[in-house]
Amino acid sequence: MVTSVTSFGRSGLYDWFVQRASAVILLTYFLFLGWTLVSGVDYSAWKALFQQTWMRVFSLLALISLCAHAWVGLWTVFTDYLTQRLLGAPGSVLRLSAEAISALIMFTYLIWGIQILWSS
Amino acid sequence: MLQVSIYRYNPEVDVEPYMQDVEIDTGGKDMMVLDVMELIKAEDDTVVYRRSCREGVCGSDGVNMNGTNGLACVTPLSKAVRKNKLVLRPLPGLPVIRDLVVDMSLFYAQYEKVQPYLQNHTPAPAIERLQTPEEREKLDGLYECILCACCSTACPSFWWNPDRFIGPAGLLQAYRFLADTRDTATDERLGRLDDPFSVFRCHGIQACVNVCPKGLNPTRAIGHIRNMLLSRAT
Ligand code: SF4
Ligand code: SF4
Ligand code: FES
């Protein structure tokens, strides 16, 4: 059976809100990055930018948003298609494996991202 | 001659469902799809479907016509037929009992979940609970639903999770009682809808709005429920 224990916030409203809020943060972040790149930036300016604490916090916020956004989205897809109703008995096993793999990938990217952001 | 292809399945004799092709003489008239079904049945009385009022009131003859759900009795051939061909299938997503008849238990179970009756535990007034015309107006576009299931069985989210997502028909009725000023169970009702499935599996693609034979708009009602949940939480 499909349950909500593996959802992000266990409340539909909470997940829905996280999805919207993280989308806004991601959009702002990538617009900012795009604008920085378009307005011409060389290596040293780029490096200096990422040495600012606010930029690191902003980047981390975007990274966390990306993970949360991806989790809510993928969880929805998995609980639609990888279910016992659709696939029979292997459904739940497949879904839990898919969730575990996604969680592992996101966790790895998050820690790796933090390492990169604070590496210099 | 109209080419009709009709879904046949009788679990007592058929190993699996199949499509049966028949030719029907409509006499060039723009009859309703239900009339064509009656003509088919006149020739082969093993064909099974539900119908009662034959005028769009009872909601029993929801079927899938050339890929679109609707009531056979109020859908003219001119609207359903393409290239002189009519494909009739049962409503998608629900278990088939026989031919065009589906098992609606899952659909009704979702309807039951929203407790579709007025709840008010304050002492009843001597005559009736009154509403202003404006308050009553809020129920327009909600109370007219005839539970034909055309919408819910057109909704992909309902196909994948018919046991957990309430679906457009049930949610339209959920909102019908949330919007009713005489109902005092608003908070309990909202509390039961806050999980990740009941309401939030709706992705707003409006497949439900497209097919409703009563011209109702479940997507809008779902939006209202979401806003009510949001203001309740903030
Ligand atoms: S708008 Fe929502 S309820 Fe209507 S068909 Fe789409 S997902 Fe289903
Ligand atoms: S909302 Fe429309 S399509 Fe859905 S069950 Fe009611 S009448 Fe039928
Ligand atoms: S037969 Fe009653 S709605 Fe079509």
# chains A, B, ... in the order shown; residues from 1 in each chain; ligands from 1

$ interface_residues --of "chain A" --to "chain B" --cutoff "7 Å" --atoms "only C-alpha atoms" --output "short mmCIF file (atom, residue, chain, number, x, y, z; two decimals) with C-alpha atoms, in the first residue's frame"
data_model
loop_
_atom_site.label_atom_id
_atom_site.label_comp_id
_atom_site.auth_asym_id
_atom_site.auth_seq_id
_atom_site.Cartn_x
_atom_site.Cartn_y
_atom_site.Cartn_z
CA SER A 4 2.59 9.09 3.22
CA ARG A 10 3.53 14.31 5.63
CA SER A 11 1.04 17.09 4.99
CA GLY A 12 -0.11 17.75 1.47
CA LEU A 13 -0.26 21.46 2.11
CA ASP A 80 1.86 7.45 -8.93
CA TYR A 81 3.65 4.84 -11.00
#

$ residues_near_ligand --ligand "ligand 1" --cutoff "7 Å" --atoms "only C-alpha atoms and all ligand atoms" --output "count of residues only"
20

$ atom_distance --atom1 "atom CA of Met228 of chain B" --atom2 "atom CA of Leu190 of chain B"
7.8 Å

$ atom_distance --atom1 "atom CA of Cys73 of chain B" --atom2 "atom CA of Val33 of chain B"
6.2 Å

$ residues_around --residues "Tyr108 of chain B" --least-positions-apart "5" --cutoff "12 Å" --atoms "only C-alpha atoms" --output "list in words"
Leu94, Asp103, Lys113, Val114, Gln115, Pro116, Leu147, Cys148, Ala149, Ser152, Pro162, Asp163, Ile166, Gly167, Ala169, Gly170 and Gln173 of chain B
